[in-house]
file work-v6.cif (mmCIF, C-alpha atoms)
data_coords
#
loop_
_atom_site.label_atom_id
_atom_site.label_comp_id
_atom_site.auth_asym_id
_atom_site.auth_seq_id
_atom_site.Cartn_x
_atom_site.Cartn_y
_atom_site.Cartn_z
CA MET X 1 -26.90 10.05 -13.00
CA SER X 2 -26.22 9.44 -16.66
CA ALA X 3 -27.25 6.21 -18.29
CA ALA X 4 -23.74 5.20 -19.37
CA ASN X 5 -22.39 4.73 -15.85
CA SER X 6 -25.53 3.37 -14.26
CA ILE X 7 -25.56 -0.15 -12.88
CA ASN X 8 -28.82 -0.76 -14.77
CA SER X 9 -27.47 0.09 -18.21
CA SER X 10 -25.26 -2.92 -18.68
CA ASN X 11 -25.78 -4.95 -21.81
CA ILE X 12 -23.64 -8.06 -21.62
CA MET X 13 -23.07 -8.19 -25.36
CA GLY X 14 -22.62 -4.45 -25.93
CA ASP X 15 -19.54 -2.22 -25.94
CA GLU X 16 -20.87 0.15 -23.27
CA LEU X 17 -18.84 -1.49 -20.51
CA LEU X 18 -15.78 0.61 -21.36
CA GLN X 19 -17.69 3.76 -22.29
CA GLY X 20 -18.88 6.71 -20.25
CA ASP X 21 -20.71 9.84 -21.33
CA LEU X 22 -17.58 11.58 -22.62
CA ILE X 23 -14.86 8.98 -22.92
CA GLU X 24 -13.99 5.45 -23.92
CA LEU X 25 -11.24 3.27 -22.41
CA LYS X 26 -8.96 1.37 -24.79
CA GLN X 27 -5.90 -0.83 -24.74
CA VAL X 28 -2.60 1.00 -24.36
CA GLN X 29 -0.45 0.87 -27.53
CA ARG X 30 3.32 1.12 -27.96
CA GLU X 31 2.84 4.17 -30.18
CA HIS X 32 1.35 6.03 -27.19
CA LEU X 33 4.58 5.84 -25.18
CA PRO X 34 6.28 8.97 -26.64
CA ILE X 35 3.10 10.92 -25.85
CA PHE X 36 3.26 9.79 -22.19
CA VAL X 37 6.94 10.86 -22.02
CA GLU X 38 5.99 14.27 -23.39
CA TRP X 39 3.12 14.66 -20.86
CA PHE X 40 5.34 13.81 -17.90
CA ALA X 41 8.24 16.01 -19.03
CA GLY X 42 5.87 18.94 -19.47
CA ASP X 43 3.99 18.52 -16.19
CA ILE X 44 6.12 17.97 -13.09
CA GLY X 45 3.08 18.70 -10.89
CA MET X 46 1.24 15.73 -12.42
CA MET X 47 4.26 13.45 -11.88
CA ARG X 48 4.34 14.45 -8.23
CA ASN X 49 0.61 13.88 -7.81
CA LEU X 50 1.09 10.34 -9.13
CA GLY X 51 3.66 9.62 -6.43
CA ALA X 52 6.79 9.91 -8.54
CA LEU X 53 9.71 12.24 -7.95
CA ALA X 54 10.04 15.31 -10.15
CA TYR X 55 12.40 13.39 -12.43
CA PRO X 56 10.95 12.88 -15.91
CA PHE X 57 10.63 9.39 -17.33
CA THR X 58 12.55 8.48 -20.49
CA LEU X 59 11.16 6.62 -23.48
CA GLU X 60 13.23 3.60 -22.29
CA ASP X 61 11.48 3.76 -18.87
CA GLU X 62 8.10 3.76 -20.61
CA GLU X 63 9.08 0.88 -22.93
CA LYS X 64 10.18 -1.22 -19.97
CA TRP X 65 6.88 -0.42 -18.20
CA PHE X 66 4.97 -1.40 -21.36
CA GLU X 67 6.84 -4.74 -21.65
CA ASP X 68 6.21 -5.51 -17.95
CA LEU X 69 2.52 -4.66 -18.32
CA ALA X 70 2.01 -7.49 -20.81
CA ASN X 71 3.11 -10.03 -18.18
CA ARG X 72 1.05 -8.68 -15.31
CA LYS X 73 -2.21 -10.23 -14.26
CA ASP X 74 -2.83 -7.71 -11.47
CA ASN X 75 -2.92 -4.54 -13.55
CA TYR X 76 -5.73 -3.47 -15.89
CA HIS X 77 -4.41 -0.47 -17.74
CA PHE X 78 -6.31 1.65 -20.27
CA THR X 79 -5.81 4.75 -22.34
CA ILE X 80 -8.55 7.38 -22.23
CA HIS X 81 -10.05 8.61 -25.51
CA THR X 82 -12.80 11.17 -26.10
CA LEU X 83 -15.99 9.74 -27.55
CA ALA X 84 -16.40 12.94 -29.60
CA ASP X 85 -13.27 12.58 -31.74
CA ASP X 86 -11.10 9.76 -30.27
CA THR X 87 -8.49 12.19 -28.89
CA LEU X 88 -6.05 10.50 -26.48
CA ILE X 89 -6.28 12.53 -23.26
CA GLY X 90 -4.83 10.32 -20.52
CA SER X 91 -4.41 6.89 -18.99
CA CYS X 92 -5.81 5.00 -16.03
CA SER X 93 -5.62 1.66 -14.31
CA LEU X 94 -6.97 -0.76 -11.76
CA MET X 95 -4.00 -2.39 -10.03
CA ASP X 96 -2.74 -4.28 -6.96
CA MET X 97 -5.55 -6.84 -7.27
CA ASP X 98 -6.36 -8.83 -4.16
CA TRP X 99 -8.62 -11.46 -5.70
CA ARG X 100 -9.29 -13.24 -2.43
CA SER X 101 -10.40 -10.20 -0.45
CA ARG X 102 -11.71 -8.62 -3.67
CA HIS X 103 -10.22 -5.15 -3.66
CA CYS X 104 -7.83 -3.12 -5.83
CA LYS X 105 -6.34 0.31 -6.29
CA LEU X 106 -7.28 2.89 -8.91
CA GLY X 107 -4.91 5.29 -10.66
CA ILE X 108 -5.71 8.01 -13.20
CA MET X 109 -4.03 10.82 -15.06
CA ILE X 110 -5.46 13.30 -17.51
CA GLY X 111 -2.28 14.10 -19.44
CA ARG X 112 -3.91 16.74 -21.65
CA GLU X 113 -4.16 19.82 -19.47
CA ASP X 114 -6.89 21.33 -21.69
CA TYR X 115 -9.19 18.41 -20.78
CA ARG X 116 -8.97 18.90 -16.99
CA ASN X 117 -11.80 20.32 -14.87
CA ARG X 118 -14.36 19.47 -17.56
CA GLY X 119 -15.79 16.23 -16.19
CA PHE X 120 -13.59 13.87 -18.22
CA GLY X 121 -11.73 12.58 -15.14
CA SER X 122 -14.85 11.83 -13.11
CA ASP X 123 -16.41 10.13 -16.16
CA VAL X 124 -13.31 7.89 -16.37
CA MET X 125 -13.55 7.08 -12.67
CA ARG X 126 -17.19 6.03 -13.02
CA VAL X 127 -16.33 3.72 -15.94
CA LEU X 128 -13.48 2.17 -13.93
CA LEU X 129 -15.83 1.59 -10.98
CA LYS X 130 -18.40 -0.04 -13.25
CA TYR X 131 -15.60 -2.26 -14.61
CA ALA X 132 -14.23 -3.08 -11.14
CA PHE X 133 -17.60 -4.07 -9.69
CA LEU X 134 -19.40 -5.60 -12.68
CA GLU X 135 -16.51 -7.16 -14.62
CA LEU X 136 -13.79 -7.86 -12.02
CA ASN X 137 -16.35 -8.73 -9.34
CA LEU X 138 -14.59 -6.69 -6.64
CA ASN X 139 -16.02 -5.44 -3.34
CA ARG X 140 -13.87 -2.33 -2.78
CA VAL X 141 -11.81 0.08 -4.86
CA GLY X 142 -9.22 2.26 -3.14
CA LEU X 143 -6.90 5.04 -4.22
CA ASN X 144 -4.15 7.21 -2.80
CA VAL X 145 -3.97 11.00 -2.96
CA PHE X 146 -1.53 13.40 -1.32
CA SER X 147 -3.02 15.89 1.13
CA TYR X 148 -1.96 18.92 -0.93
CA ASN X 149 -3.83 17.67 -4.04
CA GLU X 150 -7.11 19.42 -3.26
CA ARG X 151 -8.48 19.12 -6.78
CA GLY X 152 -7.97 15.36 -6.72
CA LEU X 153 -9.58 15.02 -3.28
CA ALA X 154 -12.64 16.99 -4.43
CA VAL X 155 -13.10 14.89 -7.59
CA TYR X 156 -12.74 11.58 -5.73
CA LYS X 157 -15.29 12.68 -3.11
CA LYS X 158 -17.70 13.76 -5.84
CA VAL X 159 -17.44 10.33 -7.49
CA GLY X 160 -18.26 8.64 -4.14
CA PHE X 161 -14.94 7.81 -2.46
CA GLN X 162 -14.57 8.29 1.32
CA VAL X 163 -11.42 9.07 3.27
CA GLU X 164 -10.36 5.92 5.14
CA VAL X 165 -6.77 6.52 6.26
CA VAL X 166 -4.57 9.58 6.61
CA GLU X 167 -0.96 8.39 6.73
CA ARG X 168 0.70 11.30 8.44
CA ALA X 169 3.80 12.99 7.06
CA LYS X 170 4.51 10.13 4.67
CA ILE X 171 6.11 12.19 1.93
CA ALA X 172 8.24 15.32 1.69
CA ARG X 173 7.84 18.07 -0.92
CA ASP X 174 9.62 21.40 -1.04
CA GLY X 175 10.89 21.09 2.54
CA GLN X 176 7.54 20.22 4.11
CA ARG X 177 5.99 16.90 5.03
CA HIS X 178 2.57 15.96 3.65
CA ASP X 179 0.03 13.21 4.34
CA ASP X 180 -0.79 10.30 2.05
CA ILE X 181 -4.56 9.83 2.09
CA THR X 182 -6.26 6.53 1.19
CA MET X 183 -9.86 6.76 -0.03
CA GLY X 184 -12.17 3.86 -0.76
CA ILE X 185 -15.61 2.99 -2.11
CA LEU X 186 -17.45 -0.26 -1.39
CA ARG X 187 -19.61 -2.03 -3.93
CA ARG X 188 -22.81 -1.42 -1.91
CA GLU X 189 -22.00 2.32 -1.71
CA TRP X 190 -21.48 2.39 -5.47
CA GLU X 191 -24.79 0.58 -6.02
CA ALA X 192 -26.59 3.12 -3.82
CA LEU X 193 -25.09 6.01 -5.79
CA TYR X 194 -25.39 4.69 -9.33
CA ARG X 195 -28.36 2.41 -9.36
CA MET N 1 22.53 5.56 25.20
CA SER N 2 26.12 6.01 24.20
CA LEU N 3 27.02 6.55 20.55
CA LEU N 4 29.88 4.09 20.63
CA GLY N 5 28.32 1.58 23.03
CA ASN N 6 26.57 -1.66 22.17
CA GLU N 7 23.15 -0.69 23.56
CA LEU N 8 21.54 0.18 20.20
CA LEU N 9 20.11 -3.30 19.59
CA GLN N 10 19.60 -4.19 23.25
CA GLY N 11 16.17 -3.99 24.84
CA GLU N 12 15.34 -4.68 28.47
CA GLN N 13 14.35 -8.34 28.13
CA VAL N 14 15.34 -9.05 24.52
CA TYR N 15 18.00 -8.15 22.00
CA LEU N 16 17.95 -8.00 18.21
CA THR N 17 20.47 -9.92 16.19
CA SER N 18 20.95 -11.18 12.63
CA MET N 19 18.55 -13.75 11.27
CA THR N 20 20.01 -17.00 9.92
CA LEU N 21 18.49 -19.74 7.79
CA ALA N 22 18.71 -22.01 10.86
CA ASP N 23 16.60 -19.46 12.81
CA LEU N 24 14.00 -19.44 10.03
CA GLU N 25 13.84 -23.22 10.07
CA ILE N 26 12.69 -22.89 13.69
CA LEU N 27 10.40 -19.86 13.27
CA VAL N 28 8.63 -20.54 9.95
CA PRO N 29 6.88 -23.78 11.04
CA LEU N 30 5.59 -21.93 14.13
CA PHE N 31 4.35 -18.96 12.09
CA ASN N 32 2.78 -21.40 9.60
CA LYS N 33 0.16 -22.49 12.12
CA PRO N 34 -3.15 -21.01 10.91
CA HIS N 35 -3.78 -19.03 14.12
CA SER N 36 -0.36 -17.34 13.99
CA HIS N 37 -0.47 -16.94 10.23
CA ARG N 38 -3.86 -15.22 10.28
CA LEU N 39 -2.88 -12.93 13.14
CA ALA N 40 0.21 -11.77 11.28
CA SER N 41 -0.97 -11.55 7.68
CA PRO N 42 -3.98 -10.76 5.48
CA ASP N 43 -2.90 -13.44 3.01
CA VAL N 44 -3.99 -17.01 2.48
CA ALA N 45 -3.02 -19.19 5.45
CA TYR N 46 -0.91 -21.52 3.32
CA PRO N 47 2.26 -22.89 4.93
CA ARG N 48 5.47 -21.39 3.62
CA ARG N 49 8.85 -23.12 3.29
CA ALA N 50 11.74 -21.74 5.33
CA ASP N 51 14.08 -21.77 2.30
CA ALA N 52 11.55 -19.79 0.23
CA VAL N 53 11.17 -17.19 3.01
CA TRP N 54 14.96 -16.97 3.27
CA LYS N 55 15.25 -16.41 -0.48
CA ARG N 56 12.64 -13.65 -0.38
CA ILE N 57 14.45 -11.92 2.47
CA GLN N 58 17.71 -11.96 0.47
CA GLN N 59 15.84 -10.49 -2.53
CA GLN N 60 14.34 -7.74 -0.37
CA ARG N 61 17.73 -6.95 1.14
CA ALA N 62 19.20 -6.59 -2.35
CA SER N 63 16.32 -4.44 -3.62
CA ALA N 64 16.45 -0.67 -3.95
CA GLU N 65 13.95 -0.38 -1.13
CA GLY N 66 16.08 -2.28 1.33
CA TYR N 67 15.09 -4.42 4.27
CA PHE N 68 16.41 -4.72 7.82
CA GLY N 69 15.35 -7.92 9.53
CA PHE N 70 16.34 -9.25 12.94
CA ALA N 71 15.91 -12.30 15.08
CA ILE N 72 14.52 -11.53 18.56
CA ARG N 73 16.34 -13.38 21.36
CA LEU N 74 15.93 -13.32 25.14
CA LYS N 75 18.80 -11.64 26.96
CA ALA N 76 18.57 -14.34 29.62
CA GLY N 77 19.56 -17.56 27.85
CA ASP N 78 19.56 -16.34 24.19
CA ARG N 79 16.42 -18.28 23.28
CA LEU N 80 14.93 -17.33 19.86
CA VAL N 81 11.37 -16.02 20.36
CA GLY N 82 10.49 -14.23 17.15
CA ASP N 83 11.49 -11.86 14.39
CA CYS N 84 11.07 -8.22 13.46
CA SER N 85 11.93 -6.04 10.48
CA LEU N 86 11.79 -2.64 8.85
CA LYS N 87 10.64 -3.10 5.29
CA TYR N 88 9.38 -1.03 2.32
CA LEU N 89 12.03 1.48 3.26
CA HIS N 90 11.70 4.77 1.42
CA ARG N 91 15.03 6.54 1.51
CA TYR N 92 14.15 10.03 0.34
CA TYR N 93 10.79 10.23 2.12
CA ARG N 94 12.35 8.54 5.19
CA HIS N 95 9.62 6.10 6.08
CA ALA N 96 9.39 2.33 6.55
CA ASP N 97 6.93 -0.31 7.75
CA VAL N 98 7.32 -2.61 10.73
CA GLY N 99 6.84 -6.36 10.68
CA ILE N 100 7.01 -8.20 13.99
CA GLY N 101 6.01 -11.61 15.29
CA ILE N 102 6.43 -13.62 18.47
CA ALA N 103 6.40 -17.24 17.32
CA GLN N 104 4.82 -19.19 20.19
CA PRO N 105 1.53 -18.26 21.86
CA GLU N 106 3.02 -18.78 25.35
CA ASP N 107 5.71 -16.17 24.61
CA ARG N 108 3.07 -13.54 23.81
CA ASN N 109 1.85 -11.05 26.44
CA GLN N 110 5.21 -11.30 28.22
CA GLY N 111 6.41 -7.88 27.07
CA TYR N 112 8.89 -9.39 24.57
CA GLY N 113 7.09 -7.94 21.54
CA SER N 114 6.84 -4.40 22.97
CA ASP N 115 10.47 -4.52 24.06
CA ALA N 116 11.60 -5.70 20.62
CA LEU N 117 9.41 -3.09 18.93
CA ARG N 118 10.88 -0.24 21.02
CA THR N 119 14.37 -1.49 20.15
CA LEU N 120 13.47 -1.69 16.45
CA LEU N 121 12.07 1.88 16.58
CA ARG N 122 15.34 3.10 18.10
CA PHE N 123 17.23 1.42 15.23
CA GLY N 124 14.83 2.99 12.69
CA PHE N 125 14.92 6.53 14.06
CA MET N 126 18.48 6.69 15.42
CA GLU N 127 20.38 4.56 12.91
CA LEU N 128 18.35 4.76 9.69
CA ASP N 129 17.25 8.38 10.36
CA LEU N 130 13.62 7.64 9.46
CA TYR N 131 10.87 10.20 10.05
CA ARG N 132 7.84 7.91 10.00
CA ILE N 133 7.49 4.24 10.89
CA GLY N 134 4.15 2.70 9.99
CA LEU N 135 2.41 -0.66 10.11
CA ASP N 136 -0.72 -2.46 8.94
CA THR N 137 -2.60 -4.99 10.99
CA ASN N 138 -5.81 -6.97 10.64
CA SER N 139 -8.69 -5.44 12.61
CA TYR N 140 -9.40 -8.76 14.38
CA ASN N 141 -5.88 -8.74 15.90
CA GLU N 142 -6.97 -6.58 18.83
CA ALA N 143 -4.07 -7.61 21.09
CA ALA N 144 -1.57 -6.33 18.53
CA ILE N 145 -3.45 -3.04 18.06
CA ALA N 146 -3.41 -2.48 21.85
CA ALA N 147 0.29 -3.35 22.06
CA TYR N 148 1.19 -0.95 19.23
CA LYS N 149 -0.78 1.85 20.93
CA LYS N 150 1.06 1.17 24.19
CA VAL N 151 4.40 1.63 22.41
CA GLY N 152 3.21 4.97 20.96
CA PHE N 153 1.70 4.17 17.58
CA VAL N 154 -1.29 6.28 16.53
CA GLU N 155 -4.19 4.78 14.56
CA GLU N 156 -4.52 6.66 11.26
CA GLY N 157 -7.59 4.92 9.92
CA ARG N 158 -8.95 1.67 8.52
CA LEU N 159 -9.00 0.32 4.97
CA ARG N 160 -12.54 -0.97 5.01
CA GLU N 161 -13.36 -4.59 4.16
CA THR N 162 -9.91 -5.50 2.83
CA VAL N 163 -9.40 -8.79 4.71
CA TRP N 164 -11.70 -11.74 3.97
CA ARG N 165 -11.71 -14.38 6.71
CA ASP N 166 -14.26 -17.10 7.48
CA ASP N 167 -17.01 -15.67 5.32
CA ARG N 168 -16.86 -12.04 6.40
CA TYR N 169 -14.80 -8.94 5.86
CA TYR N 170 -12.45 -7.26 8.34
CA ASP N 171 -10.55 -4.00 8.00
CA THR N 172 -6.86 -3.26 7.72
CA VAL N 173 -5.82 -0.93 10.55
CA VAL N 174 -3.07 1.54 9.61
CA MET N 175 -0.89 3.01 12.37
CA SER N 176 2.31 5.02 12.61
CA ILE N 177 4.70 6.78 14.93
CA LEU N 178 6.65 9.88 13.88
CA GLN N 179 10.17 10.63 15.01
CA PRO N 180 9.19 13.59 17.29
CA GLU N 181 6.49 11.41 18.92
CA TRP N 182 9.00 8.64 19.55
CA MET N 183 11.48 11.13 21.12
CA LYS N 184 8.73 12.18 23.53
CA GLU N 185 7.83 8.54 24.36
CA GLU N 186 11.48 7.78 25.09
CA ALA N 187 11.87 10.89 27.27
CA ASN N 188 8.77 9.91 29.28
CA ARG N 189 10.06 6.38 29.85
CA THR N 190 13.43 7.40 31.31
#
call {"tool": "encode", "arguments": {"input": "work-v6.cif", "output": "structure tokens"}}
result
Amino acid sequence: MSAANSINSSNIMGDELLQGDLIELKQVQREHLPIFVEWFAGDIGMMRNLGALAYPFTLEDEEKWFEDLANRKDNYHFTIHTLADDTLIGSCSLMDMDWRSRHCKLGIMIGREDYRNRGFGSDVMRVLLKYAFLELNLNRVGLNVFSYNERGLAVYKKVGFQVEVVERAKIARDGQRHDDITMGILRREWEALYR
Amino acid sequence: MSLLGNELLQGEQVYLTSMTLADLEILVPLFNKPHSHRLASPDVAYPRRADAVWKRIQQQRASAEGYFGFAIRLKAGDRLVGDCSLKYLHRYYRHADVGIGIAQPEDRNQGYGSDALRTLLRFGFMELDLYRIGLDTNSYNEAAIAAYKKVGFVEEGRLRETVWRDDRYYDTVVMSILQPEWMKEEANRT
């Protein structure tokens, strides 16, 4: 395991917390919104993987989301930038915080198709896990993935998530019903993998 | 069941009817007791006000998701024993979640909850045309898990360590019943 995502690499006063081997997480900016709209409009498959209908978002939708985000205490949203040249390649978040039982949900999209299947996504996931466990002091991180999204399932397993629940036939796509799978990783499992 | 009859919301021992603020003023203090609260919910056992619950129900009813809540009353004597609802309705994917509670401990294990749940499922599948009806429950609520299984719900898995109670973690148990499964259950019962 690389140093950047290891539990032992943390330096309280350093900037490594939001950095992986390939990417850095940053605050989402209003100027990014037209890029998100363009990504969604050009990639219906990605919209569907995220749980939305194949109905592209407008700039007004994104602006409303951005305004709401500022008022939310249960949603930690970041944009994903390459360490090599600061290219914006996607966005990700930790959301639905349950502070009392100490768990949340993770969401990620690599909007730039040319950056998929190259390890950027799993690097992002490892940084988010480090943030969830070491900064937010959580005990479990979960995520949802549809049963037809085999690439997503494989990446999440590789990062250390386990299948916990298979909600049968929860969604419909193209005339067929598909399962909604919840995966989760506990803090002690993460420590065992990344220590 | 006849299409134009009044049986849709009638169970064997109980019937479902609209929930009023006066009903909530009876039910909420009972559900506020820590034992009942912790059985029903993963949240902090902090007493809720009936008027606040009423307001939230009205908001949910007005939301895009929609909400169908009922009071559960005994057919013999009309006594109010609990409430049930279909919530988080998803119209184009045709699924919803169940919420159900029998307010007083002595009214539990009498078959009222199962009867109300079967009636609610009939409303969900036959009136709302749902395909999947799901629910979440705390893993320490073993009586509820057994009751849901008896009605035909299938356990789909457990969200590990998502409920913190008395210094340890419990799981959230996720269950569902699909429309074809419910049809079979109903055929077997009659």
call {"tool": "residues_around", "arguments": {"input": "work-v6.cif", "residues": "X:Lys157", "least_positions_apart": "4", "cutoff": "12 Å", "atoms": "all atoms listed in the file", "output": "list in words"}}
result
Ser122, Met125, Leu143, Val145, Glu150, Arg151, Gly152, Leu153, Phe161, Gln162, Val163, Glu164, Thr182, Met183, Gly184 and Ile185 of chain X
call {"tool": "resolve_selection", "arguments": {"input": "work-v6.cif", "expression": "the PyMOL selection byres ((chain N and resi 111) around 12)", "output": "list of chain:residue names"}}
result
N:Gly11, N:Glu12, N:Gln13, N:Val14, N:Leu74, N:Val81, N:Ile102, N:Glu106, N:Asp107, N:Arg108, N:Asn109, N:Gln110, N:Tyr112, N:Gly113, N:Ser114, N:Asp115, N:Ala116, N:Leu117, N:Arg118, N:Ala144, N:Ala147, N:Tyr148, N:Lys150, N:Val151
call {"tool": "residues_around", "arguments": {"input": "work-v6.cif", "residues": "X:Glu38", "least_positions_apart": "4", "cutoff": "12 Å", "atoms": "only C-alpha atoms", "output": "number ranges by chain"}}
result
X: 32-34, 42-44, 47, 56-59, 62, 90, 111-112
call {"tool": "interface_residues", "arguments": {"input": "work-v6.cif", "of": "chain X", "to": "chain N", "cutoff": "10 Å", "atoms": "all atoms listed in the file", "output": "compact mmCIF listing (two decimals) with C-alpha atoms, in the frame of the given file"}}
result
# COMPACT_ATOMS: atom_id res chain seq x y z
CA LEU X 53 9.71 12.24 -7.95
CA ASP X 98 -6.36 -8.83 -4.16
CA ARG X 100 -9.29 -13.24 -2.43
CA SER X 101 -10.40 -10.20 -0.45
CA ARG X 102 -11.71 -8.62 -3.67
CA HIS X 103 -10.22 -5.15 -3.66
CA CYS X 104 -7.83 -3.12 -5.83
CA ASN X 139 -16.02 -5.44 -3.34
CA ARG X 140 -13.87 -2.33 -2.78
CA VAL X 141 -11.81 0.08 -4.86
CA GLY X 142 -9.22 2.26 -3.14
CA VAL X 163 -11.42 9.07 3.27
CA GLU X 164 -10.36 5.92 5.14
CA VAL X 165 -6.77 6.52 6.26
CA VAL X 166 -4.57 9.58 6.61
CA GLU X 167 -0.96 8.39 6.73
CA ARG X 168 0.70 11.30 8.44
CA ALA X 169 3.80 12.99 7.06
CA LYS X 170 4.51 10.13 4.67
CA ILE X 171 6.11 12.19 1.93
CA ALA X 172 8.24 15.32 1.69
CA ARG X 173 7.84 18.07 -0.92
CA ARG X 177 5.99 16.90 5.03
CA ILE X 181 -4.56 9.83 2.09
CA THR X 182 -6.26 6.53 1.19
CA MET X 183 -9.86 6.76 -0.03
CA GLY X 184 -12.17 3.86 -0.76
CA ILE X 185 -15.61 2.99 -2.11
CA LEU X 186 -17.45 -0.26 -1.39
call {"tool": "resolve_selection", "arguments": {"input": "work-v6.cif", "expression": "the PyMOL selection byres ((chain N and resi 103) around 7)", "output": "PyMOL selection string"}}
result
chain N and resi 27+30-31+81-82+101-102+104-105
call {"tool": "atom_distance", "arguments": {"input": "work-v6.cif", "atom1": "atom CA of N:Ala52", "atom2": "atom CA of N:Thr137"}}
result
23.1 Å
call {"tool": "resolve_selection", "arguments": {"input": "work-v6.cif", "expression": "the PyMOL selection byres ((chain X and resi 86) around 12)", "output": "PyMOL selection string"}}
result
chain X and resi 19+22-26+79-85+87-90
call {"tool": "closest_residue", "arguments": {"input": "work-v6.cif", "among": "N:Cys84, N:Ala62, N:Gly152, N:Arg91", "to": "N:Lys184", "atoms": "all atoms listed in the file"}}
result
N:Gly152
call {"tool": "atom_distance", "arguments": {"input": "work-v6.cif", "atom1": "atom CA of N:Leu24", "atom2": "atom CA of N:Ala50"}}
result
5.7 Å
call {"tool": "axis_aligned_box", "arguments": {"input": "work-v6.cif", "around": "stretch 52-70 of chain N", "padding_each_side": "8 Å", "output": "JSON"}}
result
{"center_x": 15.2, "center_y": -10.1, "center_z": 4.5, "size_x": 24.0, "size_y": 35.4, "size_z": 32.9}
call {"tool": "closest_residue", "arguments": {"input": "work-v6.cif", "among": "N:Asn32, N:Thr17, N:Ser41, N:Gln10", "to": "N:Gly69", "atoms": "only C-alpha atoms"}}
result
N:Thr17
call {"tool": "atom_distance", "arguments": {"input": "work-v6.cif", "atom1": "atom CA of X:Met95", "atom2": "atom CA of X:Asp74"}}
result
5.6 Å
call {"tool": "residues_around", "arguments": {"input": "work-v6.cif", "residues": "N:Leu16", "least_positions_apart": "4", "cutoff": "6 Å", "atoms": "all atoms listed in the file", "output": "list of chain:residue names"}}
result
N:Leu9, N:Phe70, N:Ala71, N:Ile72
call {"tool": "closest_residue", "arguments": {"input": "work-v6.cif", "among": "N:Trp54, N:Leu39, N:Ser18, N:Leu120", "to": "N:Ala143", "atoms": "all atoms listed in the file"}}
result
N:Leu39
call {"tool": "residues_around", "arguments": {"input": "work-v6.cif", "residues": "X:Phe146", "least_positions_apart": "4", "cutoff": "7 Å", "atoms": "only C-alpha atoms", "output": "PyMOL selection string"}}
result
chain X and resi 49+178-181
call {"tool": "closest_residue", "arguments": {"input": "work-v6.cif", "among": "X:Ser93, X:Asn117, X:Asn71, X:Gln29", "to": "X:Val155", "atoms": "all atoms listed in the file"}}
result
X:Asn117
